[in-house]
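Okay, final03.txt now, which holds compact mmCIF, C-alpha atoms:
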```
# COMPACT_ATOMS: atom_id res chain seq x y z
CA MET A 1 110.48 129.49 -195.97
CA PRO A 2 108.02 127.78 -193.63
CA ILE A 3 107.14 124.07 -193.55
CA LYS A 4 106.96 122.67 -197.08
CA ASN A 5 103.35 122.04 -198.10
CA ARG A 6 104.21 118.64 -199.53
CA PHE A 7 105.10 117.34 -196.08
CA ALA A 8 101.76 118.45 -194.69
CA GLU A 9 100.20 116.36 -197.48
CA LEU A 10 102.48 113.42 -196.72
CA GLN A 11 102.21 113.55 -192.93
CA ASP A 12 99.60 110.79 -192.58
CA GLU A 13 101.62 108.49 -194.83
CA ILE A 14 104.90 109.20 -193.02
CA THR A 15 103.14 108.75 -189.67
CA ALA A 16 101.93 105.32 -190.79
CA TRP A 17 105.51 104.32 -191.66
CA ARG A 18 106.70 105.58 -188.29
CA ARG A 19 104.08 103.68 -186.34
CA ASP A 20 104.78 100.49 -188.25
CA LEU A 21 108.46 100.86 -187.31
CA HIS A 22 107.48 101.56 -183.71
CA GLU A 23 105.39 98.39 -183.60
CA ASN A 24 108.28 96.30 -184.95
CA PRO A 25 111.46 97.47 -183.19
CA GLU A 26 114.83 95.86 -183.83
CA ILE A 27 117.98 96.17 -181.73
CA LEU A 28 121.57 96.99 -182.71
CA PHE A 29 122.54 95.34 -186.02
CA GLU A 30 119.45 93.13 -186.13
CA THR A 31 117.54 95.75 -188.13
CA HIS A 32 116.72 93.36 -190.96
CA ARG A 33 113.01 94.13 -191.29
CA THR A 34 113.60 97.85 -190.92
CA ALA A 35 116.38 97.87 -193.51
CA ALA A 36 114.22 95.88 -195.94
CA MET A 37 111.35 98.33 -195.49
CA VAL A 38 113.68 101.30 -196.03
CA ALA A 39 115.17 99.77 -199.19
CA GLU A 40 111.70 98.95 -200.52
CA LYS A 41 110.51 102.53 -199.96
CA LEU A 42 113.60 104.01 -201.61
CA LYS A 43 112.99 101.78 -204.62
CA GLU A 44 109.35 102.92 -204.77
CA PHE A 45 110.49 106.54 -204.66
CA GLY A 46 112.76 106.02 -207.66
CA CYS A 47 116.15 106.54 -206.02
CA ASP A 48 118.98 106.29 -208.54
CA GLU A 49 120.97 103.80 -206.50
CA ILE A 50 120.20 101.72 -203.41
CA VAL A 51 122.87 99.82 -201.51
CA THR A 52 122.16 97.49 -198.59
CA GLY A 53 124.46 95.71 -196.15
CA LEU A 54 126.76 98.64 -195.38
CA GLY A 55 127.83 98.49 -191.74
CA ARG A 56 126.20 95.04 -191.71
CA THR A 57 122.56 96.17 -192.03
CA GLY A 58 122.78 99.81 -193.10
CA VAL A 59 121.03 101.16 -196.20
CA VAL A 60 122.14 103.99 -198.50
CA GLY A 61 120.10 105.67 -201.22
CA VAL A 62 121.42 108.03 -203.89
CA ILE A 63 119.20 110.75 -205.38
CA LYS A 64 120.51 112.89 -208.22
CA GLY A 65 119.30 116.42 -208.80
CA LYS A 66 118.04 117.87 -212.07
CA ALA A 67 121.62 118.92 -212.73
CA ASN A 68 125.06 118.14 -211.35
CA THR A 69 127.10 121.16 -212.38
CA SER A 70 127.96 121.87 -208.73
CA GLY A 71 129.56 118.47 -208.20
CA LYS A 72 128.38 118.60 -204.58
CA VAL A 73 127.38 115.51 -202.62
CA VAL A 74 125.52 115.92 -199.33
CA GLY A 75 124.82 113.08 -196.90
CA LEU A 76 121.75 112.93 -194.63
CA ARG A 77 121.76 110.34 -191.84
CA ALA A 78 119.05 108.72 -189.69
CA ASP A 79 119.42 105.88 -187.17
CA MET A 80 117.15 102.82 -187.29
CA ASP A 81 117.69 100.74 -184.12
CA ALA A 82 115.60 100.42 -180.98
CA LEU A 83 116.48 99.85 -177.31
CA PRO A 84 116.25 96.74 -175.08
CA ILE A 85 113.40 98.22 -173.01
CA HIS A 86 109.92 96.89 -172.19
CA GLU A 87 107.44 99.43 -173.54
CA ALA A 88 104.89 100.91 -171.11
CA THR A 89 103.01 103.37 -173.34
CA GLY A 90 99.84 101.33 -173.85
CA LEU A 91 99.62 102.63 -177.42
CA GLU A 92 97.64 100.71 -180.01
CA TYR A 93 100.85 100.51 -182.05
CA ALA A 94 103.09 99.63 -179.08
CA SER A 95 105.98 97.24 -179.59
CA LYS A 96 105.02 93.69 -180.48
CA THR A 97 108.53 92.50 -179.60
CA PRO A 98 109.00 91.76 -175.88
CA GLY A 99 112.01 93.57 -174.46
CA ALA A 100 112.49 95.87 -177.43
CA MET A 101 111.14 99.40 -177.88
CA HIS A 102 111.73 102.52 -179.95
CA ALA A 103 112.39 104.53 -176.79
CA CYS A 104 114.70 107.07 -178.43
CA GLY A 105 112.69 108.06 -181.50
CA HIS A 106 114.81 106.39 -184.15
CA ASP A 107 111.54 105.26 -185.71
CA GLY A 108 110.72 108.96 -186.15
CA HIS A 109 114.17 109.77 -187.52
CA THR A 110 113.93 106.98 -190.10
CA ALA A 111 110.41 107.95 -191.12
CA MET A 112 111.32 111.64 -191.49
CA LEU A 113 114.33 110.88 -193.66
CA LEU A 114 112.19 108.55 -195.78
CA GLY A 115 109.70 111.40 -196.16
CA ALA A 116 112.47 113.74 -197.25
CA ALA A 117 113.78 111.11 -199.67
CA LYS A 118 110.35 110.75 -201.26
CA TYR A 119 110.03 114.51 -201.73
CA LEU A 120 113.57 114.90 -203.10
CA SER A 121 113.02 111.99 -205.51
CA GLU A 122 109.80 113.63 -206.74
CA THR A 123 111.10 117.17 -207.15
CA ARG A 124 114.87 116.83 -207.70
CA ASN A 125 114.99 120.60 -207.38
CA PHE A 126 118.70 120.76 -206.64
CA ASP A 127 122.04 120.78 -208.44
CA GLY A 128 124.13 117.91 -207.12
CA THR A 129 123.63 114.58 -205.37
CA VAL A 130 122.08 113.66 -202.04
CA VAL A 131 122.96 110.45 -200.20
CA VAL A 132 120.41 109.28 -197.63
CA ILE A 133 122.00 107.11 -194.92
CA PHE A 134 120.00 104.74 -192.73
CA GLN A 135 122.25 103.44 -189.97
CA PRO A 136 121.87 100.48 -187.59
CA ALA A 137 123.27 100.12 -184.09
CA GLU A 138 123.50 103.68 -182.84
CA GLU A 139 122.54 102.52 -179.34
CA GLY A 140 125.91 101.18 -178.31
CA GLY A 141 126.90 99.13 -181.35
CA GLY A 142 128.83 101.74 -183.30
CA GLY A 143 126.94 101.29 -186.55
CA GLY A 144 128.13 104.70 -187.74
CA ARG A 145 131.74 103.61 -187.32
CA GLU A 146 131.10 100.38 -189.21
CA MET A 147 129.45 102.17 -192.14
CA CYS A 148 132.45 104.50 -192.36
CA GLU A 149 134.86 101.55 -192.12
CA ASP A 150 132.98 99.97 -195.02
CA GLY A 151 134.11 102.98 -197.07
CA MET A 152 130.74 104.72 -197.32
CA MET A 153 132.09 108.26 -197.50
CA GLU A 154 134.55 107.45 -200.30
CA ARG A 155 132.22 105.13 -202.20
CA PHE A 156 129.50 107.73 -202.57
CA GLY A 157 131.77 110.79 -202.63
CA ILE A 158 130.05 112.37 -199.62
CA GLN A 159 131.52 115.82 -198.93
CA GLU A 160 129.48 116.86 -195.90
CA VAL A 161 126.95 115.12 -193.68
CA TYR A 162 124.01 116.15 -191.48
CA GLY A 163 122.10 114.40 -188.68
CA MET A 164 119.07 115.10 -186.50
CA HIS A 165 117.63 113.93 -183.16
CA ASN A 166 114.27 114.61 -181.58
CA TRP A 167 114.42 116.33 -178.19
CA PRO A 168 111.70 116.00 -175.52
CA GLY A 169 111.06 119.21 -173.60
CA ARG A 170 111.56 121.47 -176.61
CA PRO A 171 108.51 122.91 -178.40
CA VAL A 172 107.37 120.63 -181.19
CA GLY A 173 109.17 121.38 -184.45
CA SER A 174 111.57 123.94 -182.96
CA PHE A 175 115.32 123.56 -183.44
CA ALA A 176 118.51 123.92 -181.39
CA ILE A 177 122.16 123.44 -182.29
CA ARG A 178 125.69 124.36 -181.19
CA PRO A 179 129.07 124.41 -182.93
CA GLY A 180 132.06 122.43 -181.68
CA ALA A 181 131.82 119.71 -179.03
CA PHE A 182 128.15 118.82 -178.61
CA PHE A 183 127.70 115.22 -177.37
CA ALA A 184 130.17 113.54 -175.02
CA ALA A 185 132.62 110.72 -175.47
CA THR A 186 131.13 107.63 -173.81
CA ASP A 187 133.57 105.24 -172.16
CA THR A 188 132.82 102.34 -169.83
CA PHE A 189 134.81 100.50 -167.19
CA GLU A 190 134.69 97.27 -165.23
CA ILE A 191 136.72 96.92 -162.04
CA ALA A 192 137.38 93.51 -160.52
CA VAL A 193 138.02 94.14 -156.81
CA LYS A 194 139.70 91.05 -155.34
CA GLY A 195 140.21 90.21 -151.67
CA ARG A 196 140.13 87.11 -149.49
CA GLY A 197 136.71 85.89 -148.54
CA GLY A 198 135.60 84.34 -145.30
CA HIS A 199 133.05 84.35 -142.47
CA ALA A 200 131.53 87.75 -141.74
CA ALA A 201 132.06 87.14 -138.01
CA LYS A 202 135.81 86.85 -138.56
CA PRO A 203 136.74 89.90 -140.63
CA GLN A 204 140.32 89.80 -139.31
CA GLU A 205 140.88 86.64 -141.33
CA THR A 206 139.73 88.22 -144.58
CA VAL A 207 140.60 90.99 -147.00
CA ASP A 208 137.19 92.55 -147.52
CA PRO A 209 136.57 93.52 -151.19
CA VAL A 210 133.29 95.21 -150.23
CA VAL A 211 135.13 97.77 -148.09
CA MET A 212 137.75 98.12 -150.81
CA ALA A 213 135.05 98.68 -153.48
CA SER A 214 133.30 101.25 -151.29
CA GLN A 215 136.51 103.22 -150.91
CA ILE A 216 137.10 103.07 -154.66
CA VAL A 217 133.60 104.39 -155.46
CA THR A 218 134.19 107.38 -153.20
CA ALA A 219 137.72 108.00 -154.45
CA LEU A 220 136.66 107.99 -158.11
CA GLN A 221 134.58 111.11 -157.44
CA THR A 222 137.79 113.04 -156.82
CA ILE A 223 138.57 112.84 -160.53
CA ALA A 224 135.91 115.46 -161.22
CA SER A 225 136.35 117.41 -157.98
CA ARG A 226 140.13 117.43 -157.63
CA ASN A 227 141.86 116.27 -160.82
CA ALA A 228 139.98 117.82 -163.73
CA ASP A 229 139.99 121.49 -164.67
CA PRO A 230 136.76 122.83 -163.09
CA VAL A 231 135.69 124.48 -166.36
CA LYS A 232 135.89 121.19 -168.28
CA GLN A 233 133.11 118.62 -168.05
CA VAL A 234 133.69 115.09 -166.80
CA VAL A 235 131.24 112.59 -165.31
CA VAL A 236 132.43 109.41 -163.59
CA SER A 237 129.52 107.22 -162.52
CA VAL A 238 129.66 103.80 -160.88
CA THR A 239 126.35 102.26 -161.90
CA SER A 240 126.63 98.66 -160.73
CA ILE A 241 128.12 96.91 -157.67
CA GLU A 242 127.99 93.12 -157.75
CA SER A 243 129.39 90.64 -155.23
CA ASP A 244 130.09 86.99 -155.90
CA SER A 245 128.12 86.12 -152.75
CA LYS A 246 124.52 86.81 -151.83
CA ALA A 247 124.77 85.50 -148.26
CA PHE A 248 124.32 87.75 -145.21
CA ASN A 249 127.19 86.15 -143.30
CA VAL A 250 129.86 85.83 -145.98
CA ILE A 251 132.59 88.30 -146.88
CA PRO A 252 132.96 87.66 -150.61
CA GLN A 253 136.09 86.93 -152.56
CA LYS A 254 135.34 89.45 -155.30
CA VAL A 255 133.25 92.54 -156.04
CA THR A 256 132.72 93.86 -159.56
CA LEU A 257 132.13 97.56 -160.19
CA ARG A 258 130.80 98.84 -163.51
CA GLY A 259 130.25 102.36 -164.72
CA THR A 260 130.68 105.04 -167.34
CA VAL A 261 132.85 108.08 -168.02
CA ARG A 262 131.61 111.05 -170.07
CA THR A 263 133.95 113.77 -171.35
CA LEU A 264 133.99 116.51 -173.95
CA ASP A 265 137.74 116.93 -174.26
CA ALA A 266 140.45 114.48 -175.37
CA GLU A 267 142.85 115.57 -172.61
CA ILE A 268 140.24 115.10 -169.90
CA ARG A 269 139.29 111.75 -171.40
CA ASP A 270 142.89 110.58 -171.08
CA LEU A 271 143.09 111.99 -167.55
CA ALA A 272 139.96 110.12 -166.42
CA GLU A 273 141.26 106.78 -167.72
CA THR A 274 144.68 107.30 -166.12
CA ARG A 275 143.26 108.32 -162.76
CA ILE A 276 140.74 105.47 -162.59
CA LYS A 277 143.53 102.96 -163.10
CA ALA A 278 145.84 104.68 -160.60
CA ILE A 279 143.16 105.02 -157.90
CA CYS A 280 142.11 101.39 -158.22
CA GLU A 281 145.64 100.02 -158.21
CA SER A 282 146.67 102.11 -155.19
CA MET A 283 143.49 101.39 -153.22
CA GLY A 284 143.85 97.68 -153.82
CA VAL A 285 147.44 97.65 -152.58
CA ALA A 286 146.65 99.89 -149.58
CA LEU A 287 143.88 97.58 -148.36
CA GLY A 288 145.72 94.33 -148.99
CA GLY A 289 143.91 93.18 -152.11
CA ALA A 290 143.87 94.08 -155.79
CA ALA A 291 141.65 96.01 -158.17
CA ASP A 292 141.99 95.28 -161.90
CA VAL A 293 140.52 97.80 -164.35
CA ASN A 294 139.17 97.04 -167.82
CA TYR A 295 138.67 100.48 -169.40
CA MET A 296 136.73 100.43 -172.67
CA ARG A 297 136.64 103.47 -174.95
CA GLY A 298 133.32 104.02 -176.65
CA TYR A 299 132.01 106.75 -178.94
CA PRO A 300 134.26 109.79 -179.37
CA VAL A 301 133.14 113.35 -178.71
CA MET A 302 130.68 114.48 -181.38
CA VAL A 303 131.95 117.74 -182.80
CA ASN A 304 129.88 119.97 -185.10
CA SER A 305 131.84 121.83 -187.77
CA GLU A 306 131.63 125.62 -187.43
CA ALA A 307 130.54 126.61 -190.96
CA GLU A 308 128.15 123.68 -191.41
CA THR A 309 126.55 124.38 -188.02
CA GLU A 310 125.78 127.96 -189.01
CA PHE A 311 124.34 126.72 -192.28
CA ALA A 312 122.19 124.11 -190.48
CA ALA A 313 120.94 126.81 -188.09
CA GLU A 314 120.13 129.10 -191.00
CA VAL A 315 118.06 126.33 -192.58
CA ALA A 316 116.29 125.73 -189.25
CA ARG A 317 115.42 129.43 -189.05
CA LYS A 318 113.93 129.22 -192.55
CA VAL A 319 111.80 126.25 -191.55
CA SER A 320 110.62 127.25 -188.07
CA GLY A 321 111.43 130.95 -187.72
CA GLY A 322 114.19 130.42 -185.16
CA CYS A 323 116.99 128.21 -183.92
CA ASP A 324 118.16 128.19 -180.30
CA ASP A 325 121.58 127.55 -178.83
CA ALA A 326 121.62 123.91 -177.68
CA PRO A 327 123.16 122.86 -174.36
CA LEU A 328 126.14 120.56 -174.07
CA VAL A 329 124.90 116.97 -173.87
CA MET A 330 126.75 114.38 -171.78
CA GLY A 331 125.00 111.57 -173.62
CA GLY A 332 126.77 109.89 -176.52
CA GLU A 333 126.02 109.81 -180.24
CA ASP A 334 127.84 107.72 -182.82
CA PHE A 335 127.18 110.23 -185.58
CA ALA A 336 130.49 111.42 -184.12
CA TYR A 337 132.27 108.89 -186.37
CA MET A 338 130.74 110.41 -189.51
CA LEU A 339 131.69 113.91 -188.34
CA GLU A 340 135.26 112.68 -187.87
CA GLU A 341 135.25 111.65 -191.54
CA ARG A 342 133.52 114.69 -193.05
CA PRO A 343 132.45 118.20 -192.00
CA GLY A 344 128.83 118.50 -191.02
CA ALA A 345 126.38 119.21 -188.22
CA TYR A 346 123.84 117.57 -185.94
CA ILE A 347 120.66 119.38 -184.85
CA LEU A 348 117.90 118.84 -182.27
CA VAL A 349 114.22 119.06 -183.23
CA GLY A 350 111.60 119.57 -180.52
CA ASN A 351 109.43 116.59 -179.50
CA GLY A 352 107.19 118.55 -177.15
CA ASP A 353 106.19 117.75 -173.58
CA THR A 354 106.81 114.01 -173.69
CA ALA A 355 108.58 111.43 -171.57
CA ALA A 356 112.36 111.56 -171.88
CA VAL A 357 114.21 109.38 -174.36
CA HIS A 358 115.17 105.93 -173.05
CA HIS A 359 112.06 105.95 -170.84
CA PRO A 360 109.51 103.11 -171.20
CA GLU A 361 106.70 105.67 -171.65
CA TYR A 362 108.48 107.69 -174.35
CA ASN A 363 106.90 108.10 -177.78
CA PHE A 364 108.06 110.07 -180.80
CA ASN A 365 105.72 112.99 -181.51
CA ASP A 366 104.34 112.68 -185.04
CA ASP A 367 103.55 116.41 -185.06
CA ALA A 368 107.31 116.99 -185.47
CA ILE A 369 107.36 115.20 -188.84
CA PRO A 370 106.69 118.18 -191.15
CA ALA A 371 109.41 120.30 -189.53
CA GLY A 372 111.97 117.49 -189.55
CA CYS A 373 111.29 116.53 -193.15
CA SER A 374 111.36 120.17 -194.23
CA TRP A 375 114.76 120.67 -192.58
CA TRP A 376 116.22 117.65 -194.38
CA ALA A 377 114.85 118.80 -197.72
CA GLU A 378 115.91 122.41 -197.29
CA ILE A 379 119.46 121.35 -196.33
CA VAL A 380 119.69 119.85 -199.83
CA GLU A 381 117.91 122.61 -201.75
CA SER A 382 119.81 125.41 -199.98
CA ARG A 383 123.24 123.72 -200.16
CA MET A 384 122.83 122.74 -203.81
CA PRO A 385 120.38 125.27 -205.26
CA ALA A 386 119.02 124.51 -208.70
CA ALA A 387 120.03 126.94 -211.45
```
Here is the file; what I need is its structure written in the form of structure tokens.
Amino acid sequence: MPIKNRFAELQDEITAWRRDLHENPEILFETHRTAAMVAEKLKEFGCDEIVTGLGRTGVVGVIKGKANTSGKVVGLRADMDALPIHEATGLEYASKTPGAMHACGHDGHTAMLLGAAKYLSETRNFDGTVVVIFQPAEEGGGGGREMCEDGMMERFGIQEVYGMHNWPGRPVGSFAIRPGAFFAATDTFEIAVKGRGGHAAKPQETVDPVVMASQIVTALQTIASRNADPVKQVVVSVTSIESDSKAFNVIPQKVTLRGTVRTLDAEIRDLAETRIKAICESMGVALGGAADVNYMRGYPVMVNSEAETEFAAEVARKVSGGCDDAPLVMGGEDFAYMLEERPGAYILVGNGDTAAVHHPEYNFNDDAIPAGCSWWAEIVESRMPAA
């Protein structure tokens, strides 16, 4: 089955929704306008039930098929939030909100799922129930976790759940997926390196936290090179070094290091946290100061279920004629929380030769809309075929 004809007919309408969302980005849980638009559209489509305020600002719509003899309930999830980035695309529909931008394509994800919801509400050519999930705060806020903690899966009886993300660099409308661990766990750390400040011309009277911090940055790289199993992925990146002095002739009292840890394995995740704390404590003592670590666990590893991944790939092959093996991704994705609650799968859809996600010149490719919508719809119609 190729692209559904209905989505070719709806493409201009869905594109208009997407560009309106792009022009009016909202960050984290502040997706009030977006959620209101989504709820309004679902009402227009004739969804059987619409619930707002899940996970603070999430929206859920329920669409019943022509029959429900199967008793199956399938969830489809899209994220709604934007990023705190100044847009540099120069588009006529560029962000009107300074410092906020749909730089990851969540505007496209939301629009495509709305398109699928409209089609499924019109046709209802399936035996069961579909639950469309519009989630806030994927970009660091854990909106997926909060929707689950609000009891979404139990409330709507969701049995399996599917997600999608656009992917720059892949041909437009093509698909890629992998079973098992797919996106990394995303932890962060802050290290307060404390010494004894003083005049830069009298280093012997100080305990220099800058030297201490420099040694720590270098030593942290041994976690990947000397502590972790070489066949298991781990990334430890120090991304910020900040002193409490800006003067050229002052050895500061304190230096703060910040960074991130990415892993695809629970054992390696534990190892990285343990080693960061041990390295910092030992280095602080060795150099006469102290280094206090605040290690913050973020999103867990996102793990695709085996059977559901094969099914999702089969649907992708129906839609586009093929489905590639996706690479491991060291970025994070809070759809992981939903996959911890229910079996399911997450797939990539090609965005073409565009700027990378999280780049100020990124833009979702509207040519991907028919393929994305068709995949959503076919997930439902193939999983719960009408009699």
message = Can you pull out the residues contacting Gly61 of chain A? Cut-off 6 Å, using all atoms listed in the file, and skip same-chain residues under 4 positions away; I want them as a list in words.
response = Glu49, Ile50, Val131 and Val132 of chain A
Please produce a file of the residues just selected, as an mmCIF file, in the frame of the given file, where the atoms kept are C-alpha atoms.
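Output file selection_37.cif is given in full below:
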```cif
data_model
loop_
_atom_site.group_PDB
_atom_site.id
_atom_site.type_symbol
_atom_site.label_atom_id
_atom_site.label_comp_id
_atom_site.auth_asym_id
_atom_site.auth_seq_id
_atom_site.Cartn_x
_atom_site.Cartn_y
_atom_site.Cartn_z
ATOM 1 C CA GLU A 49 120.970 103.800 -206.500
ATOM 2 C CA ILE A 50 120.200 101.720 -203.410
ATOM 3 C CA VAL A 131 122.960 110.450 -200.200
ATOM 4 C CA VAL A 132 120.410 109.280 -197.630
#
```
request  = Mind giving me the straight-line distance from atom CA of Val74 of chain A to atom CA of Arg317 of chain A in Å, one decimal?
outcome  =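 So the answer is 19.8 Å.
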query = Separation of atom CA of Arg19 of chain A and atom CA of Ala100 of chain A, in Å?
reply =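 A separation of 14.5 Å between them.
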Selection: 9 Å around Asn227 of chain A, all atoms listed in the file, excl. self and same-chain fewer than 2 positions, as a PDB file with C-alpha atoms, in the frame of the given file:
```
ATOM      1  CA  THR A 222     137.790 113.040-156.820  1.00  0.00           C
ATOM      2  CA  ILE A 223     138.570 112.840-160.530  1.00  0.00           C
ATOM      3  CA  ALA A 224     135.910 115.460-161.220  1.00  0.00           C
ATOM      4  CA  SER A 225     136.350 117.410-157.980  1.00  0.00           C
ATOM      5  CA  ASP A 229     139.990 121.490-164.670  1.00  0.00           C
ATOM      6  CA  PRO A 230     136.760 122.830-163.090  1.00  0.00           C
ATOM      7  CA  LEU A 271     143.090 111.990-167.550  1.00  0.00           C
ATOM      8  CA  ALA A 272     139.960 110.120-166.420  1.00  0.00           C
ATOM      9  CA  ARG A 275     143.260 108.320-162.760  1.00  0.00           C
TER      10      ARG A 275
END
```
request  = Using only C-alpha atoms, determine which residues lie at most 10 Å from Lys41 of chain A, disregarding the query and same-chain residues fewer than 6 positions distant; provide the list as a ChimeraX atom specification.
outcome  = /A:17,35,47,114-115,117-118
Mind writing the picked residues with C-alpha atoms as a short mmCIF file (atom, residue, chain, number, x, y, z; two decimals), in the frame of the given file?
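Saved as result_37.cif:
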```
data_model
loop_
_atom_site.label_atom_id
_atom_site.label_comp_id
_atom_site.auth_asym_id
_atom_site.auth_seq_id
_atom_site.Cartn_x
_atom_site.Cartn_y
_atom_site.Cartn_z
CA TRP A 17 105.51 104.32 -191.66
CA ALA A 35 116.38 97.87 -193.51
CA CYS A 47 116.15 106.54 -206.02
CA LEU A 114 112.19 108.55 -195.78
CA GLY A 115 109.70 111.40 -196.16
CA ALA A 117 113.78 111.11 -199.67
CA LYS A 118 110.35 110.75 -201.26
#
```
message = What's around segment 83-90 of chain A at 6 Å? Count only C-alpha atoms, leave out sequence neighbours fewer than 4 positions away in its own chain, and write the answer as a ChimeraX atom specification.
response = /A:27,99-101,360-361
query = So, counting all atoms listed in the file, which residue among A:Ala326, A:Leu54, A:Leu348, A:Ala137 is closest to Gly151 of chain A?
reply =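 Among the listed residues, A:Leu54 lies closest to Gly151 of chain A.
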remark   = atom CA of Arg258 of chain A to atom CA of Ile241 of chain A measures 6.7 Å
message = I'd like the contact shell of Asn363 of chain A - 12 Å cut-off, only C-alpha atoms, skipping same-chain residues fewer than 3 positions apart - returned as a ChimeraX atom specification.
response = /A:18-19,22-23,87-91,93-95,101-108,166-168,351-360,366-368
key: Selected residue of minimal separation from Phe182 of chain A among A:Pro370, A:Glu9, A:Met37, A:Asp265, counting all atoms listed in the file   = A:Asp265
message = When you count all atoms listed in the file, which of these residues is closest to Met80 of chain A: A:Gly65, A:Leu42, A:Ala312, A:Phe29?
response =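 Among the listed residues, the smallest separation from Met80 of chain A belongs to A:Phe29.
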inquiry  = Let me make sure I understand: among A:Asp127, A:Glu333, A:Glu306, A:Asp324, which one has the smallest atom-to-atom distance to Gly350 of chain A if we use only C-alpha atoms?
reply    =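 Looking only at the distances to Gly350 of chain A, the closest residue turns out to be A:Asp324.
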task = Go through A:Gly55, A:Gly180, A:Gly289, A:Gly173 and flag the residue nearest Arg196 of chain A, using only C-alpha atoms for the distances.
result =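 Comparing A:Gly55, A:Gly180, A:Gly289, A:Gly173 against Arg196 of chain A, the winner is A:Gly289.
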note = For Lys43 of chain A, the closest of A:Ala266, A:Met330, A:Val59, A:Cys280 counting all atoms listed in the file is A:Val59
